[in-house]
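Next comes coords.cif, a file with mmCIF, N, CA and C atoms.
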data_target
#
loop_
_atom_site.label_atom_id
_atom_site.label_comp_id
_atom_site.auth_asym_id
_atom_site.auth_seq_id
_atom_site.Cartn_x
_atom_site.Cartn_y
_atom_site.Cartn_z
N MET F 1 130.42 31.63 67.86
CA MET F 1 129.89 31.49 66.51
C MET F 1 131.00 31.03 65.58
N LEU F 2 130.64 30.30 64.57
CA LEU F 2 131.55 29.86 63.53
C LEU F 2 132.24 31.09 62.95
N GLU F 3 133.55 31.08 62.92
CA GLU F 3 134.30 32.26 62.49
C GLU F 3 134.55 32.25 60.98
N MET F 4 134.25 33.40 60.37
CA MET F 4 134.53 33.60 58.97
C MET F 4 134.49 35.11 58.72
N THR F 5 135.44 35.61 57.98
CA THR F 5 135.44 37.04 57.69
C THR F 5 134.40 37.35 56.62
N ARG F 6 134.04 38.61 56.54
CA ARG F 6 133.09 39.05 55.53
C ARG F 6 133.66 38.76 54.14
N GLU F 7 134.96 38.99 53.96
CA GLU F 7 135.59 38.73 52.66
C GLU F 7 135.48 37.26 52.28
N GLU F 8 135.73 36.36 53.24
CA GLU F 8 135.64 34.92 52.97
C GLU F 8 134.22 34.55 52.58
N PHE F 9 133.24 35.10 53.29
CA PHE F 9 131.84 34.79 53.01
C PHE F 9 131.46 35.31 51.63
N GLU F 10 131.89 36.53 51.31
CA GLU F 10 131.60 37.09 49.99
C GLU F 10 132.22 36.24 48.88
N GLU F 11 133.42 35.71 49.14
CA GLU F 11 134.05 34.81 48.16
C GLU F 11 133.21 33.56 47.95
N LEU F 12 132.64 33.01 49.02
CA LEU F 12 131.79 31.83 48.89
C LEU F 12 130.56 32.13 48.05
N VAL F 13 129.98 33.32 48.24
CA VAL F 13 128.83 33.71 47.42
C VAL F 13 129.26 33.83 45.96
N GLY F 14 130.42 34.44 45.71
CA GLY F 14 130.94 34.54 44.34
C GLY F 14 131.18 33.18 43.72
N GLU F 15 131.75 32.27 44.50
CA GLU F 15 131.99 30.92 43.99
C GLU F 15 130.69 30.20 43.69
N ALA F 16 129.68 30.40 44.53
CA ALA F 16 128.37 29.78 44.27
C ALA F 16 127.78 30.33 42.97
N LEU F 17 127.93 31.62 42.75
CA LEU F 17 127.45 32.22 41.50
C LEU F 17 128.21 31.67 40.29
N ASP F 18 129.51 31.46 40.47
CA ASP F 18 130.32 30.91 39.38
C ASP F 18 129.90 29.49 39.00
N ARG F 19 129.29 28.76 39.93
CA ARG F 19 128.86 27.38 39.65
C ARG F 19 127.50 27.31 38.96
N ILE F 20 126.83 28.44 38.86
CA ILE F 20 125.55 28.46 38.13
C ILE F 20 125.89 28.34 36.64
N PRO F 21 125.22 27.46 35.93
CA PRO F 21 125.53 27.30 34.50
C PRO F 21 125.41 28.61 33.73
N PRO F 22 126.38 28.89 32.86
CA PRO F 22 126.37 30.15 32.10
C PRO F 22 125.09 30.38 31.30
N GLU F 23 124.49 29.29 30.82
CA GLU F 23 123.25 29.45 30.05
C GLU F 23 122.12 30.02 30.92
N LEU F 24 122.21 29.84 32.25
CA LEU F 24 121.22 30.44 33.15
C LEU F 24 121.61 31.86 33.53
N THR F 25 122.89 32.08 33.83
CA THR F 25 123.29 33.42 34.23
C THR F 25 123.10 34.42 33.09
N ARG F 26 123.22 33.96 31.86
CA ARG F 26 122.98 34.85 30.72
C ARG F 26 121.53 35.32 30.67
N LEU F 27 120.62 34.52 31.22
CA LEU F 27 119.20 34.87 31.21
C LEU F 27 118.81 35.81 32.36
N MET F 28 119.67 35.90 33.37
CA MET F 28 119.37 36.79 34.50
C MET F 28 119.37 38.22 33.99
N ASP F 29 118.38 38.99 34.43
CA ASP F 29 118.23 40.33 33.90
C ASP F 29 117.85 41.31 35.00
N ASN F 30 118.61 42.39 35.09
CA ASN F 30 118.31 43.48 36.01
C ASN F 30 118.18 43.00 37.45
N VAL F 31 119.23 42.32 37.91
CA VAL F 31 119.24 41.82 39.29
C VAL F 31 120.63 42.07 39.88
N ALA F 32 120.66 42.50 41.12
CA ALA F 32 121.92 42.74 41.84
C ALA F 32 121.96 41.83 43.07
N ILE F 33 123.15 41.33 43.38
CA ILE F 33 123.31 40.40 44.50
C ILE F 33 124.20 41.05 45.55
N PHE F 34 123.73 41.00 46.80
CA PHE F 34 124.41 41.63 47.92
C PHE F 34 124.64 40.63 49.04
N VAL F 35 125.72 40.83 49.79
CA VAL F 35 125.95 40.10 51.03
C VAL F 35 125.68 41.09 52.16
N GLU F 36 124.84 40.69 53.10
CA GLU F 36 124.51 41.52 54.26
C GLU F 36 124.84 40.72 55.52
N ASP F 37 125.13 41.43 56.61
CA ASP F 37 125.42 40.76 57.87
C ASP F 37 124.18 40.07 58.42
N GLU F 38 123.07 40.79 58.48
CA GLU F 38 121.82 40.29 59.06
C GLU F 38 120.65 40.80 58.24
N PRO F 39 119.53 40.06 58.26
CA PRO F 39 118.34 40.60 57.60
C PRO F 39 117.77 41.74 58.44
N PRO F 40 117.25 42.78 57.80
CA PRO F 40 116.63 43.85 58.57
C PRO F 40 115.42 43.31 59.35
N PRO F 41 115.17 43.83 60.54
CA PRO F 41 114.06 43.31 61.37
C PRO F 41 112.72 43.33 60.64
N ASP F 42 112.46 44.35 59.84
CA ASP F 42 111.17 44.43 59.14
C ASP F 42 111.05 43.40 58.03
N VAL F 43 112.18 42.91 57.53
CA VAL F 43 112.18 41.89 56.47
C VAL F 43 112.12 40.50 57.08
N ALA F 44 112.89 40.28 58.14
CA ALA F 44 112.97 38.95 58.76
C ALA F 44 111.64 38.54 59.37
N GLY F 45 110.95 39.48 60.00
CA GLY F 45 109.64 39.17 60.58
C GLY F 45 109.67 37.92 61.43
N ASP F 46 108.92 36.92 61.00
CA ASP F 46 108.84 35.65 61.74
C ASP F 46 110.02 34.74 61.46
N GLU F 47 110.94 35.16 60.59
CA GLU F 47 112.10 34.35 60.23
C GLU F 47 113.40 35.08 60.56
N PRO F 48 113.74 35.21 61.85
CA PRO F 48 114.97 35.93 62.20
C PRO F 48 116.22 35.25 61.66
N GLU F 49 116.12 33.99 61.31
CA GLU F 49 117.28 33.26 60.77
C GLU F 49 117.18 33.10 59.26
N LEU F 50 116.60 34.08 58.62
CA LEU F 50 116.47 34.10 57.17
C LEU F 50 117.85 34.10 56.53
N LEU F 51 118.12 33.17 55.63
CA LEU F 51 119.44 33.03 55.00
C LEU F 51 119.60 33.90 53.76
N GLY F 52 118.50 34.14 53.07
CA GLY F 52 118.56 34.94 51.85
C GLY F 52 117.18 35.47 51.50
N LEU F 53 117.18 36.46 50.62
CA LEU F 53 115.90 37.08 50.25
C LEU F 53 115.98 37.60 48.82
N TYR F 54 114.93 37.31 48.05
CA TYR F 54 114.78 37.88 46.70
C TYR F 54 113.70 38.94 46.78
N GLU F 55 114.02 40.13 46.29
CA GLU F 55 113.05 41.21 46.24
C GLU F 55 113.00 41.73 44.81
N GLY F 56 111.85 41.66 44.20
CA GLY F 56 111.73 42.16 42.84
C GLY F 56 110.58 41.51 42.10
N THR F 57 110.65 41.61 40.80
CA THR F 57 109.64 41.04 39.92
C THR F 57 110.27 39.90 39.13
N PRO F 58 109.81 38.67 39.37
CA PRO F 58 110.39 37.53 38.65
C PRO F 58 110.28 37.71 37.13
N LEU F 59 111.22 37.11 36.42
CA LEU F 59 111.24 37.21 34.96
C LEU F 59 109.91 36.77 34.36
N THR F 60 109.26 35.77 34.97
CA THR F 60 108.02 35.23 34.43
C THR F 60 106.83 36.18 34.59
N GLU F 61 106.99 37.23 35.39
CA GLU F 61 105.89 38.17 35.62
C GLU F 61 106.12 39.54 34.99
N ARG F 62 107.22 39.70 34.30
CA ARG F 62 107.54 41.00 33.72
C ARG F 62 106.81 41.19 32.40
N GLY F 63 106.40 42.40 32.19
CA GLY F 63 105.74 42.75 30.93
C GLY F 63 106.32 44.04 30.40
N GLU F 64 105.60 44.65 29.46
CA GLU F 64 106.07 45.89 28.86
C GLU F 64 106.23 46.99 29.91
N TRP F 65 105.42 46.95 30.93
CA TRP F 65 105.47 47.96 32.00
C TRP F 65 106.78 47.94 32.77
N TYR F 66 107.55 46.87 32.65
CA TYR F 66 108.75 46.69 33.47
C TYR F 66 109.91 47.60 33.05
N ALA F 67 109.91 48.12 31.88
CA ALA F 67 111.03 48.94 31.37
C ALA F 67 111.36 50.06 32.36
N GLY F 68 112.65 50.23 32.63
CA GLY F 68 113.10 51.30 33.52
C GLY F 68 113.00 51.00 35.00
N ALA F 69 112.62 49.79 35.36
CA ALA F 69 112.48 49.43 36.77
C ALA F 69 113.85 49.32 37.43
N LEU F 70 113.89 49.61 38.72
CA LEU F 70 115.12 49.41 39.47
C LEU F 70 115.47 47.93 39.49
N PRO F 71 116.74 47.59 39.65
CA PRO F 71 117.12 46.17 39.66
C PRO F 71 116.47 45.39 40.80
N ASP F 72 116.15 44.13 40.52
CA ASP F 72 115.76 43.22 41.59
C ASP F 72 116.95 43.09 42.52
N ARG F 73 116.68 42.63 43.73
CA ARG F 73 117.74 42.54 44.74
C ARG F 73 117.72 41.15 45.37
N ILE F 74 118.90 40.52 45.38
CA ILE F 74 119.07 39.26 46.11
C ILE F 74 120.04 39.56 47.24
N SER F 75 119.62 39.27 48.46
CA SER F 75 120.48 39.45 49.64
C SER F 75 120.78 38.09 50.24
N ILE F 76 122.06 37.87 50.54
CA ILE F 76 122.51 36.65 51.21
C ILE F 76 123.01 37.10 52.58
N TYR F 77 122.48 36.49 53.65
CA TYR F 77 122.76 36.94 55.02
C TYR F 77 123.80 36.06 55.70
N MET F 78 124.91 36.68 56.06
CA MET F 78 126.04 35.98 56.64
C MET F 78 125.77 35.45 58.05
N GLY F 79 125.27 36.29 58.94
CA GLY F 79 125.06 35.90 60.34
C GLY F 79 124.17 34.68 60.49
N PRO F 80 122.96 34.70 59.94
CA PRO F 80 122.10 33.52 60.07
C PRO F 80 122.69 32.26 59.45
N THR F 81 123.42 32.41 58.35
CA THR F 81 124.04 31.24 57.71
C THR F 81 125.09 30.62 58.62
N LEU F 82 125.95 31.45 59.20
CA LEU F 82 126.99 30.92 60.09
C LEU F 82 126.38 30.31 61.35
N ARG F 83 125.33 30.93 61.89
CA ARG F 83 124.69 30.38 63.09
C ARG F 83 124.05 29.03 62.80
N LEU F 84 123.39 28.91 61.65
CA LEU F 84 122.77 27.64 61.26
C LEU F 84 123.82 26.55 61.16
N CYS F 85 124.92 26.85 60.50
CA CYS F 85 125.98 25.85 60.30
C CYS F 85 126.61 25.46 61.64
N GLU F 86 126.76 26.41 62.52
CA GLU F 86 127.31 26.10 63.84
C GLU F 86 126.35 25.21 64.63
N ARG F 87 125.04 25.53 64.60
CA ARG F 87 124.05 24.70 65.31
C ARG F 87 124.06 23.27 64.80
N GLU F 88 124.32 23.11 63.52
CA GLU F 88 124.33 21.77 62.92
C GLU F 88 125.68 21.09 63.05
N GLY F 89 126.61 21.75 63.75
CA GLY F 89 127.92 21.14 64.02
C GLY F 89 128.85 21.11 62.84
N GLY F 90 128.58 21.92 61.84
CA GLY F 90 129.40 21.92 60.64
C GLY F 90 130.48 22.97 60.66
N GLY F 91 131.38 22.84 59.75
CA GLY F 91 132.46 23.80 59.57
C GLY F 91 132.32 24.49 58.23
N ARG F 92 133.44 24.85 57.67
CA ARG F 92 133.47 25.58 56.41
C ARG F 92 132.73 24.84 55.29
N GLU F 93 132.87 23.52 55.25
CA GLU F 93 132.22 22.74 54.18
C GLU F 93 130.70 22.93 54.22
N LEU F 94 130.13 22.95 55.41
CA LEU F 94 128.69 23.15 55.53
C LEU F 94 128.31 24.57 55.12
N VAL F 95 129.14 25.54 55.46
CA VAL F 95 128.87 26.92 55.05
C VAL F 95 128.87 27.01 53.52
N VAL F 96 129.84 26.38 52.88
CA VAL F 96 129.90 26.38 51.41
C VAL F 96 128.60 25.80 50.85
N GLU F 97 128.16 24.69 51.41
CA GLU F 97 126.93 24.03 50.94
C GLU F 97 125.71 24.91 51.14
N GLU F 98 125.58 25.51 52.33
CA GLU F 98 124.42 26.35 52.63
C GLU F 98 124.39 27.60 51.77
N VAL F 99 125.56 28.20 51.55
CA VAL F 99 125.63 29.39 50.69
C VAL F 99 125.18 29.03 49.28
N GLU F 100 125.66 27.92 48.77
CA GLU F 100 125.28 27.51 47.41
C GLU F 100 123.78 27.26 47.31
N ILE F 101 123.23 26.57 48.28
CA ILE F 101 121.78 26.31 48.29
C ILE F 101 121.01 27.62 48.33
N THR F 102 121.44 28.55 49.17
CA THR F 102 120.74 29.83 49.32
C THR F 102 120.84 30.65 48.04
N VAL F 103 122.01 30.72 47.44
CA VAL F 103 122.19 31.48 46.20
C VAL F 103 121.29 30.90 45.10
N VAL F 104 121.31 29.59 44.93
CA VAL F 104 120.47 28.94 43.91
C VAL F 104 118.99 29.21 44.21
N HIS F 105 118.61 29.10 45.47
CA HIS F 105 117.22 29.31 45.90
C HIS F 105 116.75 30.71 45.49
N GLU F 106 117.54 31.72 45.81
CA GLU F 106 117.13 33.10 45.53
C GLU F 106 117.15 33.40 44.03
N ILE F 107 118.12 32.87 43.31
CA ILE F 107 118.14 33.06 41.85
C ILE F 107 116.94 32.36 41.22
N ALA F 108 116.56 31.23 41.75
CA ALA F 108 115.38 30.53 41.24
C ALA F 108 114.13 31.40 41.38
N HIS F 109 114.03 32.15 42.48
CA HIS F 109 112.90 33.07 42.63
C HIS F 109 112.92 34.12 41.52
N HIS F 110 114.11 34.58 41.14
CA HIS F 110 114.25 35.54 40.04
C HIS F 110 113.67 34.95 38.75
N PHE F 111 113.79 33.63 38.59
CA PHE F 111 113.25 32.94 37.42
C PHE F 111 111.79 32.55 37.60
N GLY F 112 111.20 32.89 38.75
CA GLY F 112 109.78 32.63 38.96
C GLY F 112 109.46 31.29 39.59
N ILE F 113 110.45 30.60 40.14
CA ILE F 113 110.21 29.30 40.78
C ILE F 113 109.85 29.54 42.24
N ASP F 114 108.74 28.95 42.68
CA ASP F 114 108.26 29.21 44.04
C ASP F 114 108.89 28.27 45.08
N ASP F 115 108.68 28.59 46.35
CA ASP F 115 109.28 27.84 47.45
C ASP F 115 108.88 26.36 47.44
N GLU F 116 107.63 26.08 47.14
CA GLU F 116 107.17 24.68 47.13
C GLU F 116 107.99 23.85 46.15
N ARG F 117 108.18 24.36 44.96
CA ARG F 117 108.96 23.64 43.94
C ARG F 117 110.43 23.52 44.35
N LEU F 118 110.98 24.60 44.93
CA LEU F 118 112.37 24.56 45.38
C LEU F 118 112.58 23.53 46.47
N HIS F 119 111.64 23.44 47.40
CA HIS F 119 111.75 22.44 48.46
C HIS F 119 111.72 21.04 47.87
N SER F 120 110.88 20.81 46.88
CA SER F 120 110.80 19.48 46.27
C SER F 120 112.09 19.13 45.53
N LEU F 121 112.83 20.15 45.09
CA LEU F 121 114.10 19.93 44.39
C LEU F 121 115.30 19.88 45.34
N GLY F 122 115.05 20.10 46.64
CA GLY F 122 116.13 20.06 47.63
C GLY F 122 116.81 21.40 47.86
N TYR F 123 116.19 22.46 47.42
CA TYR F 123 116.75 23.80 47.63
C TYR F 123 115.88 24.60 48.59
N GLY F 124 115.42 23.95 49.64
CA GLY F 124 114.55 24.60 50.63
C GLY F 124 115.32 25.39 51.56
#
Kindly transcribe the structure held in the file into structure tokens.
Amino acid sequence: MLEMTREEFEELVGEALDRIPPELTRLMDNVAIFVEDEPPPDVAGDEPELLGLYEGTPLTERGEWYAGALPDRISIYMGPTLRLCEREGGGRELVVEEVEITVVHEIAHHFGIDDERLHSLGYG
């Protein structure tokens, strides 16, 4: 498998977050971002190579009832990302690209953007 330490991968996720325009990150509300080794079996289901996951209530669906809710959760999965990049014959540069795409994809879900729209924008 493509070799990368957990610290290196976490740095890539941090760098991807740093590239999100500040005007968007200021709008993010009550969301926590985590790096995990693998998706849990009950979450991955039919997608064992799931790269990331957004769990929560998108900003566009929140109402008065939302007050006091636990933070939304974005998980970025290291193992599937590295395996995908290795299968595609890429190195660190491809990992950087895939991490950025995955981070943007999951943050977009926080903003209420669905998979169909993300795929049309190249963030599938």
Go through the shown structure with the PyMOL selection byres ((chain F and resi 70) around 8) and write out the matching residues as an mmCIF file with N, CA and C atoms, in the coordinates of the input.
data_model
loop_
_atom_site.group_PDB
_atom_site.id
_atom_site.type_symbol
_atom_site.label_atom_id
_atom_site.label_comp_id
_atom_site.auth_asym_id
_atom_site.auth_seq_id
_atom_site.Cartn_x
_atom_site.Cartn_y
_atom_site.Cartn_z
ATOM 1 N N ASN F 30 118.610 42.390 35.090
ATOM 2 C CA ASN F 30 118.310 43.480 36.010
ATOM 3 C C ASN F 30 118.180 43.000 37.450
ATOM 4 N N VAL F 31 119.230 42.320 37.910
ATOM 5 C CA VAL F 31 119.240 41.820 39.290
ATOM 6 C C VAL F 31 120.630 42.070 39.880
ATOM 7 N N ALA F 32 120.660 42.500 41.120
ATOM 8 C CA ALA F 32 121.920 42.740 41.840
ATOM 9 C C ALA F 32 121.960 41.830 43.070
ATOM 10 N N GLY F 56 111.850 41.660 44.200
ATOM 11 C CA GLY F 56 111.730 42.160 42.840
ATOM 12 C C GLY F 56 110.580 41.510 42.100
ATOM 13 N N TYR F 66 107.550 46.870 32.650
ATOM 14 C CA TYR F 66 108.750 46.690 33.470
ATOM 15 C C TYR F 66 109.910 47.600 33.050
ATOM 16 N N ALA F 67 109.910 48.120 31.880
ATOM 17 C CA ALA F 67 111.030 48.940 31.370
ATOM 18 C C ALA F 67 111.360 50.060 32.360
ATOM 19 N N GLY F 68 112.650 50.230 32.630
ATOM 20 C CA GLY F 68 113.100 51.300 33.520
ATOM 21 C C GLY F 68 113.000 51.000 35.000
ATOM 22 N N ALA F 69 112.620 49.790 35.360
ATOM 23 C CA ALA F 69 112.480 49.430 36.770
ATOM 24 C C ALA F 69 113.850 49.320 37.430
ATOM 25 N N PRO F 71 116.740 47.590 39.650
ATOM 26 C CA PRO F 71 117.120 46.170 39.660
ATOM 27 C C PRO F 71 116.470 45.390 40.800
ATOM 28 N N ASP F 72 116.150 44.130 40.520
ATOM 29 C CA ASP F 72 115.760 43.220 41.590
ATOM 30 C C ASP F 72 116.950 43.090 42.520
ATOM 31 N N ARG F 73 116.680 42.630 43.730
ATOM 32 C CA ARG F 73 117.740 42.540 44.740
ATOM 33 C C ARG F 73 117.720 41.150 45.370
#
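Minimum atom-to-atom distance to Tyr123 in chain F, evaluated using only N, CA and C atoms, belongs to F:Ile101 out of F:Pro40, F:Ile101, F:His110, F:Leu50.
Considering the residues F:Arg92, F:Arg19, F:His109, F:Arg83 and counting only N, CA and C atoms, Leu59 in chain F has its shortest atom-to-atom contact with F:His109.
Going from CA of Ile107 in chain F over to atom C of Glu11 in chain F, you cover 16.3 Å.
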Item to check | All alpha helix (DSSP H) residues (DSSP, backbone) inside chain F, as an NGL selection string | outcome: :F and (6-18 or 22-25 or 41-44 or 78-87 or 92-110 or 115-120)
